[in-house]
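> Take a look at input10.tsv, TSV, N, CA and C atoms:
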```
chain	number	residue	atom	x	y	z
A	22	MET	N	12.98	41.50	62.13
A	22	MET	CA	13.91	40.64	61.41
A	22	MET	C	13.15	39.94	60.29
A	23	THR	N	13.74	39.94	59.09
A	23	THR	CA	13.11	39.24	57.99
A	23	THR	C	13.86	37.95	57.71
A	24	GLY	N	13.22	37.05	57.06
A	24	GLY	CA	13.86	35.77	56.75
A	24	GLY	C	13.35	35.24	55.43
A	25	GLY	N	13.95	34.18	55.01
A	25	GLY	CA	13.54	33.56	53.76
A	25	GLY	C	14.26	32.24	53.59
A	26	TRP	N	13.71	31.41	52.75
A	26	TRP	CA	14.29	30.10	52.50
A	26	TRP	C	15.31	30.18	51.38
A	27	ARG	N	16.36	29.40	51.53
A	27	ARG	CA	17.39	29.30	50.51
A	27	ARG	C	17.69	27.81	50.32
A	28	LYS	N	17.69	27.34	49.09
A	28	LYS	CA	17.94	25.93	48.81
A	28	LYS	C	19.43	25.62	49.01
A	29	LEU	N	19.75	24.60	49.79
A	29	LEU	CA	21.13	24.26	50.09
A	29	LEU	C	21.64	23.05	49.31
A	30	ASN	N	20.76	22.21	48.82
A	30	ASN	CA	21.20	20.97	48.17
A	30	ASN	C	21.17	21.08	46.65
A	31	GLY	N	21.90	22.05	46.10
A	31	GLY	CA	21.96	22.22	44.65
A	31	GLY	C	20.86	23.14	44.17
A	32	GLY	N	20.90	23.41	42.88
A	32	GLY	CA	19.89	24.30	42.31
A	32	GLY	C	20.08	25.72	42.80
A	33	GLY	N	19.02	26.41	43.01
A	33	GLY	CA	19.10	27.78	43.50
A	33	GLY	C	19.58	28.71	42.40
A	34	GLU	N	20.20	29.81	42.80
A	34	GLU	CA	20.64	30.82	41.85
A	34	GLU	C	22.05	30.49	41.36
A	35	ARG	N	22.14	29.83	40.23
A	35	ARG	CA	23.43	29.49	39.63
A	35	ARG	C	23.41	29.95	38.19
A	36	ASN	N	24.54	30.44	37.75
A	36	ASN	CA	24.69	30.84	36.37
A	36	ASN	C	25.64	29.83	35.73
A	37	PHE	N	25.07	28.79	35.12
A	37	PHE	CA	25.86	27.70	34.58
A	37	PHE	C	26.14	27.97	33.10
A	38	PHE	N	27.43	27.95	32.74
A	38	PHE	CA	27.86	28.20	31.37
A	38	PHE	C	28.13	26.87	30.69
A	39	LYS	N	27.50	26.64	29.54
A	39	LYS	CA	27.70	25.40	28.81
A	39	LYS	C	28.36	25.72	27.47
A	40	PHE	N	29.51	25.10	27.24
A	40	PHE	CA	30.20	25.25	25.97
A	40	PHE	C	29.48	24.39	24.94
A	41	LYS	N	28.85	25.02	23.93
A	41	LYS	CA	28.05	24.29	22.95
A	41	LYS	C	28.67	24.31	21.56
A	42	ASP	N	29.01	25.49	21.07
A	42	ASP	CA	29.47	25.66	19.70
A	42	ASP	C	30.95	26.03	19.67
A	43	PRO	N	31.71	25.50	18.70
A	43	PRO	CA	33.12	25.91	18.57
A	43	PRO	C	33.22	27.43	18.53
A	44	GLY	N	34.16	27.96	19.28
A	44	GLY	CA	34.33	29.40	19.38
A	44	GLY	C	33.70	29.99	20.63
A	45	ASP	N	32.81	29.23	21.31
A	45	ASP	CA	32.27	29.72	22.59
A	45	ASP	C	33.43	29.95	23.54
A	46	GLU	N	33.39	31.07	24.25
A	46	GLU	CA	34.48	31.33	25.18
A	46	GLU	C	33.98	31.98	26.46
A	47	LEU	N	34.77	31.78	27.48
A	47	LEU	CA	34.49	32.34	28.79
A	47	LEU	C	35.79	32.92	29.30
A	48	SER	N	35.76	34.19	29.71
A	48	SER	CA	36.98	34.82	30.22
A	48	SER	C	36.66	35.62	31.47
A	49	GLY	N	37.64	35.70	32.33
A	49	GLY	CA	37.50	36.44	33.57
A	49	GLY	C	38.52	35.95	34.57
A	50	LYS	N	38.23	36.15	35.84
A	50	LYS	CA	39.15	35.75	36.90
A	50	LYS	C	38.75	34.39	37.47
A	51	TRP	N	39.74	33.53	37.63
A	51	TRP	CA	39.51	32.19	38.16
A	51	TRP	C	39.03	32.29	39.60
A	52	GLY	N	37.91	31.63	39.88
A	52	GLY	CA	37.32	31.66	41.22
A	52	GLY	C	37.39	30.33	41.94
A	53	GLY	N	38.15	29.37	41.39
A	53	GLY	CA	38.28	28.07	42.06
A	53	GLY	C	37.18	27.12	41.62
A	54	THR	N	36.86	26.19	42.49
A	54	THR	CA	35.84	25.18	42.18
A	54	THR	C	34.71	25.21	43.20
A	55	THR	N	33.61	24.64	42.80
A	55	THR	CA	32.45	24.51	43.69
A	55	THR	C	31.83	23.13	43.41
A	56	PRO	N	31.29	22.49	44.42
A	56	PRO	CA	30.70	21.16	44.20
A	56	PRO	C	29.51	21.22	43.24
A	57	GLY	N	29.46	20.26	42.33
A	57	GLY	CA	28.37	20.16	41.38
A	57	GLY	C	27.71	18.81	41.49
A	58	LYS	N	26.70	18.59	40.69
A	58	LYS	CA	25.95	17.34	40.73
A	58	LYS	C	26.81	16.14	40.35
A	59	TYR	N	27.72	16.30	39.38
A	59	TYR	CA	28.54	15.19	38.89
A	59	TYR	C	30.02	15.41	39.15
A	60	GLY	N	30.36	16.14	40.19
A	60	GLY	CA	31.76	16.46	40.49
A	60	GLY	C	31.92	17.96	40.60
A	61	ASP	N	33.16	18.39	40.73
A	61	ASP	CA	33.41	19.82	40.89
A	61	ASP	C	33.17	20.58	39.59
A	62	ASN	N	32.70	21.82	39.74
A	62	ASN	CA	32.54	22.76	38.63
A	62	ASN	C	33.59	23.84	38.79
A	63	GLY	N	34.08	24.37	37.67
A	63	GLY	CA	34.97	25.51	37.70
A	63	GLY	C	34.15	26.78	37.83
A	64	VAL	N	34.79	27.84	38.35
A	64	VAL	CA	34.12	29.12	38.52
A	64	VAL	C	34.98	30.23	37.91
A	65	ILE	N	34.36	31.02	37.04
A	65	ILE	CA	35.00	32.21	36.46
A	65	ILE	C	34.14	33.41	36.84
A	66	LEU	N	34.78	34.48	37.28
A	66	LEU	CA	34.09	35.74	37.59
A	66	LEU	C	34.36	36.70	36.43
A	67	ASP	N	33.29	37.12	35.75
A	67	ASP	CA	33.49	38.01	34.60
A	67	ASP	C	33.72	39.44	35.05
A	68	LYS	N	33.87	40.36	34.06
A	68	LYS	CA	34.20	41.75	34.38
A	68	LYS	C	33.14	42.46	35.20
A	69	ASP	N	31.89	41.95	35.17
A	69	ASP	CA	30.82	42.53	35.96
A	69	ASP	C	30.71	41.88	37.35
A	70	GLY	N	31.57	40.90	37.62
A	70	GLY	CA	31.53	40.20	38.89
A	70	GLY	C	30.54	39.04	38.91
A	71	THR	N	29.95	38.74	37.75
A	71	THR	CA	29.01	37.61	37.66
A	71	THR	C	29.78	36.31	37.73
A	72	LYS	N	29.29	35.40	38.53
A	72	LYS	CA	29.91	34.09	38.72
A	72	LYS	C	29.35	33.12	37.69
A	73	HIS	N	30.24	32.53	36.88
A	73	HIS	CA	29.84	31.54	35.88
A	73	HIS	C	30.45	30.20	36.27
A	74	GLU	N	29.61	29.17	36.40
A	74	GLU	CA	30.08	27.82	36.69
A	74	GLU	C	30.07	27.01	35.41
A	75	PHE	N	31.01	26.06	35.30
A	75	PHE	CA	31.09	25.20	34.13
A	75	PHE	C	31.66	23.85	34.54
A	76	THR	N	31.32	22.82	33.77
A	76	THR	CA	31.79	21.47	34.05
A	76	THR	C	33.29	21.38	33.79
A	77	LEU	N	34.00	20.76	34.72
A	77	LEU	CA	35.43	20.52	34.55
A	77	LEU	C	35.63	19.15	33.93
A	78	ASN	N	35.81	19.11	32.60
A	78	ASN	CA	36.11	17.82	31.99
A	78	ASN	C	37.62	17.58	32.09
A	79	LYS	N	38.11	16.48	31.55
A	79	LYS	CA	39.54	16.13	31.66
A	79	LYS	C	40.44	17.24	31.14
A	80	LYS	N	40.08	17.83	30.03
A	80	LYS	CA	40.91	18.87	29.42
A	80	LYS	C	40.97	20.13	30.31
A	81	LEU	N	39.87	20.42	31.01
A	81	LEU	CA	39.81	21.64	31.83
A	81	LEU	C	40.33	21.44	33.25
A	82	GLU	N	40.59	20.19	33.64
A	82	GLU	CA	41.06	19.94	35.01
A	82	GLU	C	42.41	20.58	35.29
A	83	ASP	N	43.18	20.91	34.24
A	83	ASP	CA	44.49	21.54	34.42
A	83	ASP	C	44.39	22.89	35.12
A	84	ILE	N	43.26	23.57	35.01
A	84	ILE	CA	43.16	24.91	35.60
A	84	ILE	C	42.89	24.87	37.09
A	85	VAL	N	42.62	23.70	37.66
A	85	VAL	CA	42.33	23.61	39.10
A	85	VAL	C	43.51	24.12	39.92
A	86	GLY	N	44.74	23.91	39.45
A	86	GLY	CA	45.92	24.34	40.18
A	86	GLY	C	46.29	25.80	40.00
A	87	VAL	N	45.54	26.53	39.19
A	87	VAL	CA	45.82	27.94	38.95
A	87	VAL	C	45.45	28.75	40.19
A	88	GLU	N	46.24	29.77	40.47
A	88	GLU	CA	46.00	30.63	41.64
A	88	GLU	C	44.67	31.38	41.49
A	89	ILE	N	43.89	31.42	42.57
A	89	ILE	CA	42.62	32.15	42.58
A	89	ILE	C	42.89	33.61	42.19
A	90	GLY	N	42.05	34.15	41.31
A	90	GLY	CA	42.19	35.54	40.88
A	90	GLY	C	42.97	35.69	39.57
A	91	THR	N	43.58	34.62	39.09
A	91	THR	CA	44.31	34.67	37.83
A	91	THR	C	43.34	34.85	36.68
A	92	GLY	N	43.70	35.68	35.73
A	92	GLY	CA	42.87	35.88	34.54
A	92	GLY	C	42.95	34.66	33.63
A	93	LEU	N	41.81	34.15	33.22
A	93	LEU	CA	41.75	32.99	32.33
A	93	LEU	C	40.83	33.27	31.16
A	94	ARG	N	41.15	32.63	30.06
A	94	ARG	CA	40.29	32.66	28.88
A	94	ARG	C	40.19	31.22	28.38
A	95	ILE	N	38.97	30.70	28.30
A	95	ILE	CA	38.73	29.33	27.86
A	95	ILE	C	37.96	29.40	26.56
A	96	VAL	N	38.51	28.79	25.51
A	96	VAL	CA	37.88	28.80	24.18
A	96	VAL	C	37.56	27.36	23.80
A	97	PHE	N	36.28	27.10	23.48
A	97	PHE	CA	35.84	25.78	23.07
A	97	PHE	C	36.19	25.58	21.60
A	98	LEU	N	36.96	24.52	21.31
A	98	LEU	CA	37.39	24.23	19.94
A	98	LEU	C	36.45	23.26	19.22
A	99	GLY	N	35.59	22.59	19.98
A	99	GLY	CA	34.70	21.60	19.40
A	99	GLY	C	34.99	20.22	19.97
A	100	GLU	N	34.31	19.23	19.45
A	100	GLU	CA	34.54	17.86	19.91
A	100	GLU	C	35.50	17.17	18.96
A	101	ARG	N	36.31	16.28	19.51
A	101	ARG	CA	37.20	15.48	18.68
A	101	ARG	C	37.06	14.03	19.09
A	102	MET	N	37.34	13.15	18.14
A	102	MET	CA	37.22	11.73	18.40
A	102	MET	C	38.57	11.19	18.89
A	103	LEU	N	38.52	10.42	19.96
A	103	LEU	CA	39.72	9.79	20.49
A	103	LEU	C	39.99	8.48	19.76
A	104	LYS	N	41.18	7.92	19.97
A	104	LYS	CA	41.55	6.66	19.31
A	104	LYS	C	40.59	5.52	19.62
A	105	ASN	N	40.02	5.54	20.83
A	105	ASN	CA	39.11	4.46	21.24
A	105	ASN	C	37.68	4.68	20.74
A	106	GLY	N	37.44	5.74	19.96
A	106	GLY	CA	36.13	6.00	19.40
A	106	GLY	C	35.26	6.92	20.23
A	107	ASN	N	35.68	7.25	21.45
A	107	ASN	CA	34.93	8.18	22.29
A	107	ASN	C	35.15	9.61	21.82
A	108	HIS	N	34.19	10.49	22.15
A	108	HIS	CA	34.31	11.90	21.83
A	108	HIS	C	34.72	12.67	23.08
A	109	MET	N	35.48	13.73	22.86
A	109	MET	CA	35.92	14.58	23.97
A	109	MET	C	35.85	16.03	23.54
A	110	LYS	N	35.37	16.89	24.43
A	110	LYS	CA	35.37	18.33	24.15
A	110	LYS	C	36.80	18.83	24.28
A	111	ASP	N	37.21	19.67	23.33
A	111	ASP	CA	38.58	20.19	23.32
A	111	ASP	C	38.55	21.70	23.52
A	112	PHE	N	39.54	22.20	24.23
A	112	PHE	CA	39.60	23.61	24.60
A	112	PHE	C	41.01	24.15	24.45
A	113	ASP	N	41.11	25.44	24.20
A	113	ASP	CA	42.35	26.19	24.40
A	113	ASP	C	42.16	26.96	25.69
A	114	ILE	N	43.20	26.97	26.52
A	114	ILE	CA	43.14	27.67	27.81
A	114	ILE	C	44.31	28.64	27.86
A	115	PHE	N	44.00	29.90	28.15
A	115	PHE	CA	45.03	30.93	28.24
A	115	PHE	C	44.99	31.53	29.64
A	116	ASP	N	46.17	31.82	30.19
A	116	ASP	CA	46.20	32.56	31.46
A	116	ASP	C	46.74	33.95	31.17
A	117	TRP	N	46.43	34.87	32.05
A	117	TRP	CA	46.80	36.27	31.87
A	117	TRP	C	48.01	36.59	32.74
A	118	ASP	N	48.98	37.27	32.14
A	118	ASP	CA	50.16	37.73	32.87
A	118	ASP	C	50.26	39.23	32.63
A	119	ALA	N	50.08	40.01	33.69
A	119	ALA	CA	50.09	41.47	33.56
A	119	ALA	C	51.43	41.98	33.04
A	120	LYS	N	52.49	41.21	33.20
A	120	LYS	CA	53.81	41.63	32.72
A	120	LYS	C	53.87	41.59	31.19
A	121	ARG	N	53.00	40.79	30.57
A	121	ARG	CA	53.01	40.71	29.11
A	121	ARG	C	52.41	41.96	28.49
A	122	GLU	N	51.28	42.43	29.03
A	122	GLU	CA	50.62	43.63	28.51
A	122	GLU	C	49.41	43.95	29.38
A	123	GLY	N	49.24	45.22	29.74
A	123	GLY	CA	48.07	45.65	30.49
A	123	GLY	C	48.00	45.09	31.90
A	124	SER	N	46.86	45.32	32.58
A	124	SER	CA	46.73	44.83	33.95
A	124	SER	C	45.37	44.23	34.24
A	125	ASP	N	44.39	44.41	33.36
A	125	ASP	CA	43.05	43.88	33.61
A	125	ASP	C	42.73	42.82	32.56
A	126	PRO	N	42.69	41.54	32.95
A	126	PRO	CA	42.52	40.48	31.96
A	126	PRO	C	41.23	40.56	31.17
A	127	VAL	N	40.14	40.92	31.81
A	127	VAL	CA	38.86	40.89	31.10
A	127	VAL	C	38.79	42.02	30.08
A	128	SER	N	39.16	43.23	30.47
A	128	SER	CA	39.05	44.33	29.52
A	128	SER	C	40.04	44.17	28.38
A	129	GLU	N	41.21	43.60	28.62
A	129	GLU	CA	42.17	43.38	27.54
A	129	GLU	C	41.63	42.38	26.53
A	130	TYR	N	40.93	41.35	26.97
A	130	TYR	CA	40.38	40.36	26.06
A	130	TYR	C	39.28	40.97	25.19
A	131	ASP	N	38.60	41.97	25.70
A	131	ASP	CA	37.49	42.58	24.98
A	131	ASP	C	37.97	43.57	23.92
A	132	LYS	N	39.23	43.99	23.98
A	132	LYS	CA	39.74	44.96	23.02
A	132	LYS	C	39.99	44.29	21.68
A	133	PRO	N	39.70	45.00	20.57
A	133	PRO	CA	40.04	44.43	19.27
A	133	PRO	C	41.55	44.41	19.08
A	134	VAL	N	42.02	43.49	18.28
A	134	VAL	CA	43.45	43.39	17.99
A	134	VAL	C	43.78	44.43	16.94
A	135	ASP	N	44.77	45.31	17.25
A	135	ASP	CA	45.20	46.34	16.31
A	135	ASP	C	46.39	45.85	15.50
A	136	PRO	N	46.40	46.13	14.19
A	136	PRO	CA	47.56	45.72	13.41
A	136	PRO	C	48.78	46.54	13.83
A	137	SER	N	49.93	45.90	13.86
A	137	SER	CA	51.16	46.60	14.22
A	137	SER	C	51.65	47.36	12.98
A	138	PRO	N	52.61	48.28	13.15
A	138	PRO	CA	53.10	49.07	12.02
A	138	PRO	C	53.66	48.21	10.88
A	139	ASP	N	54.21	47.04	11.19
A	139	ASP	CA	54.79	46.21	10.13
A	139	ASP	C	53.76	45.31	9.45
A	140	GLY	N	52.47	45.49	9.79
A	140	GLY	CA	51.42	44.75	9.12
A	140	GLY	C	51.05	43.43	9.79
A	141	GLU	N	51.80	43.01	10.80
A	141	GLU	CA	51.50	41.78	11.53
A	141	GLU	C	50.53	42.09	12.67
A	142	ASP	N	49.59	41.22	12.93
A	142	ASP	CA	48.66	41.40	14.05
A	142	ASP	C	49.35	41.00	15.34
A	143	GLU	N	49.14	41.81	16.38
A	143	GLU	CA	49.64	41.46	17.70
A	143	GLU	C	48.48	40.93	18.51
A	144	VAL	N	48.68	39.80	19.16
A	144	VAL	CA	47.63	39.16	19.95
A	144	VAL	C	47.97	39.38	21.43
A	145	PRO	N	46.99	39.75	22.29
A	145	PRO	CA	47.30	40.11	23.68
A	145	PRO	C	47.55	38.92	24.60
A	146	PHE	N	47.79	37.74	24.08
A	146	PHE	CA	48.12	36.60	24.93
A	146	PHE	C	49.17	35.75	24.28
```
Would you kindly transcribe this structure into structure tokens?


Amino acid sequence: MTGGWRKLNGGGERNFFKFKDPGDELSGKWGGTTPGKYGDNGVILDKDGTKHEFTLNKKLEDIVGVEIGTGLRIVFLGERMLKNGNHMKDFDIFDWDAKREGSDPVSEYDKPVDPSPDGEDEVPF
């Protein structure tokens, strides 16, 4: 029998995603939340099955109620100033509905947008 140590109180093997620049995005299947150092972190599983954790700020807390396995796309819009002078990170959040188009949220997000015959671009969300 072999054995080994695994750190239980934080740290260890985590793939933490930090939204830094406007346009940064994370897409995949919603994996729920996991305890973090300063509260719960969100979890997205990408198309390769890699688990990405990220901080759930006020704007992102809305996704906590989403069903596990739902396709999500989170796009960082940048920071904005609130009326009280504080800064807040702002995001667009999209959920995937297979009835709208296709069945695999991650691969659909990776496809380029093709122009429709009438010259208008069709967006897959």

> Name the closest residue to Glu88 (chain A) among the candidates A:Lys50, A:Lys58, A:Lys110, A:His73; distances are taken between atoms, counting all atoms listed in the file.

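Between A:Lys50, A:Lys58, A:Lys110, A:His73, the residue approaching Glu88 (chain A) most closely is A:Lys50.
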
> With distances taken over only C-alpha atoms, which of A:Gly70, A:Phe97, A:Gly63, A:Phe75 is nearest to Phe38 (chain A)?

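When distances to Phe38 (chain A) are compared using only C-alpha atoms, the smallest one comes from A:Phe75.
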
> Each side padded by 6 Å, which centre and which edge lengths in Å (one decimal) define the axis-aligned box around the listed atoms of region 75-82 of chain A? Give them as AutoDock Vina command-line options.


```
--center_x 36.7 --center_y 21.1 --center_z 32.4 --size_x 23.4 --size_y 21.9 --size_z 17.9
```

> Within 6 Å of Gly49 (chain A), counting only C-alpha atoms, which residues show up once you throw out same-chain ones fewer than 2 positions away? Write them as a tab-separated table (two decimals) with N, CA and C atoms, keeping the file's coordinate frame, please.


```
chain	number	residue	atom	x	y	z
A	65	ILE	N	34.36	31.02	37.04
A	65	ILE	CA	35.00	32.21	36.46
A	65	ILE	C	34.14	33.41	36.84
A	66	LEU	N	34.78	34.48	37.28
A	66	LEU	CA	34.09	35.74	37.59
A	66	LEU	C	34.36	36.70	36.43
A	67	ASP	N	33.29	37.12	35.75
A	67	ASP	CA	33.49	38.01	34.60
A	67	ASP	C	33.72	39.44	35.05
A	92	GLY	N	43.70	35.68	35.73
A	92	GLY	CA	42.87	35.88	34.54
A	92	GLY	C	42.95	34.66	33.63
A	93	LEU	N	41.81	34.15	33.22
A	93	LEU	CA	41.75	32.99	32.33
A	93	LEU	C	40.83	33.27	31.16
A	127	VAL	N	40.14	40.92	31.81
A	127	VAL	CA	38.86	40.89	31.10
A	127	VAL	C	38.79	42.02	30.08
```

> A:Asp61, A:Glu100, A:Asp69, A:Glu74: which is nearest Phe112 (chain A), counting all atoms listed in the file?

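Selected residue with least distance to Phe112 (chain A): A:Glu100.
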
> Using only C-alpha atoms, which residue out of A:Thr71, A:Asn78, A:Val96, A:Leu47 lies closest to His108 (chain A)?

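Of A:Thr71, A:Asn78, A:Val96, A:Leu47, the one nearest His108 (chain A) is A:Asn78, counting only C-alpha atoms.
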
> Would you mind reading off the distance between atom C of Ser48 (chain A) and atom C of Trp117 (chain A), one decimal, in Å?

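Separation between atom C of Ser48 (chain A) and atom C of Trp117 (chain A): 11.5 Å.
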
> How many Å lie between CA of Lys41 (chain A) and atom N of Gly99 (chain A), rounded to one decimal?

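Computed distance, CA of Lys41 (chain A) to atom N of Gly99 (chain A), equals 8.3 Å.
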
> Extract, using all atoms listed in the file, all DNA, RNA and protein residues at most 8 Å from Lys80 (chain A), discarding same-chain residues fewer than 3 positions from it, and format them as a PyMOL selection string.

chain A and resi 77+83-84+109-112

> I'd like the interatomic distance between CA of Lys39 (chain A) and CA of Phe115 (chain A), to a tenth of an Å.

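Between CA of Lys39 (chain A) and CA of Phe115 (chain A) the gap is 18.2 Å.
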
> List every residue of region 64-99 of chain A that DSSP, applied to the backbone, labels as strand (DSSP E), and write the result as a PyMOL selection string.

chain A and resi 64-66+72-76+92-99

> Step by step: start from the point (38.9, 32.5, 43.2) in the file's coordinates, keep every protein, DNA or RNA residue that has an atom no farther than 7 Å from it, count all atoms listed in the file, and write the set as a list in words.

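All residues meeting the 7 Å criterion around (38.9, 32.5, 43.2) are Lys50, Trp51, Gly52, Gly53, Thr54, Val64, Glu88, Ile89, Gly90 and Thr91 of chain A.
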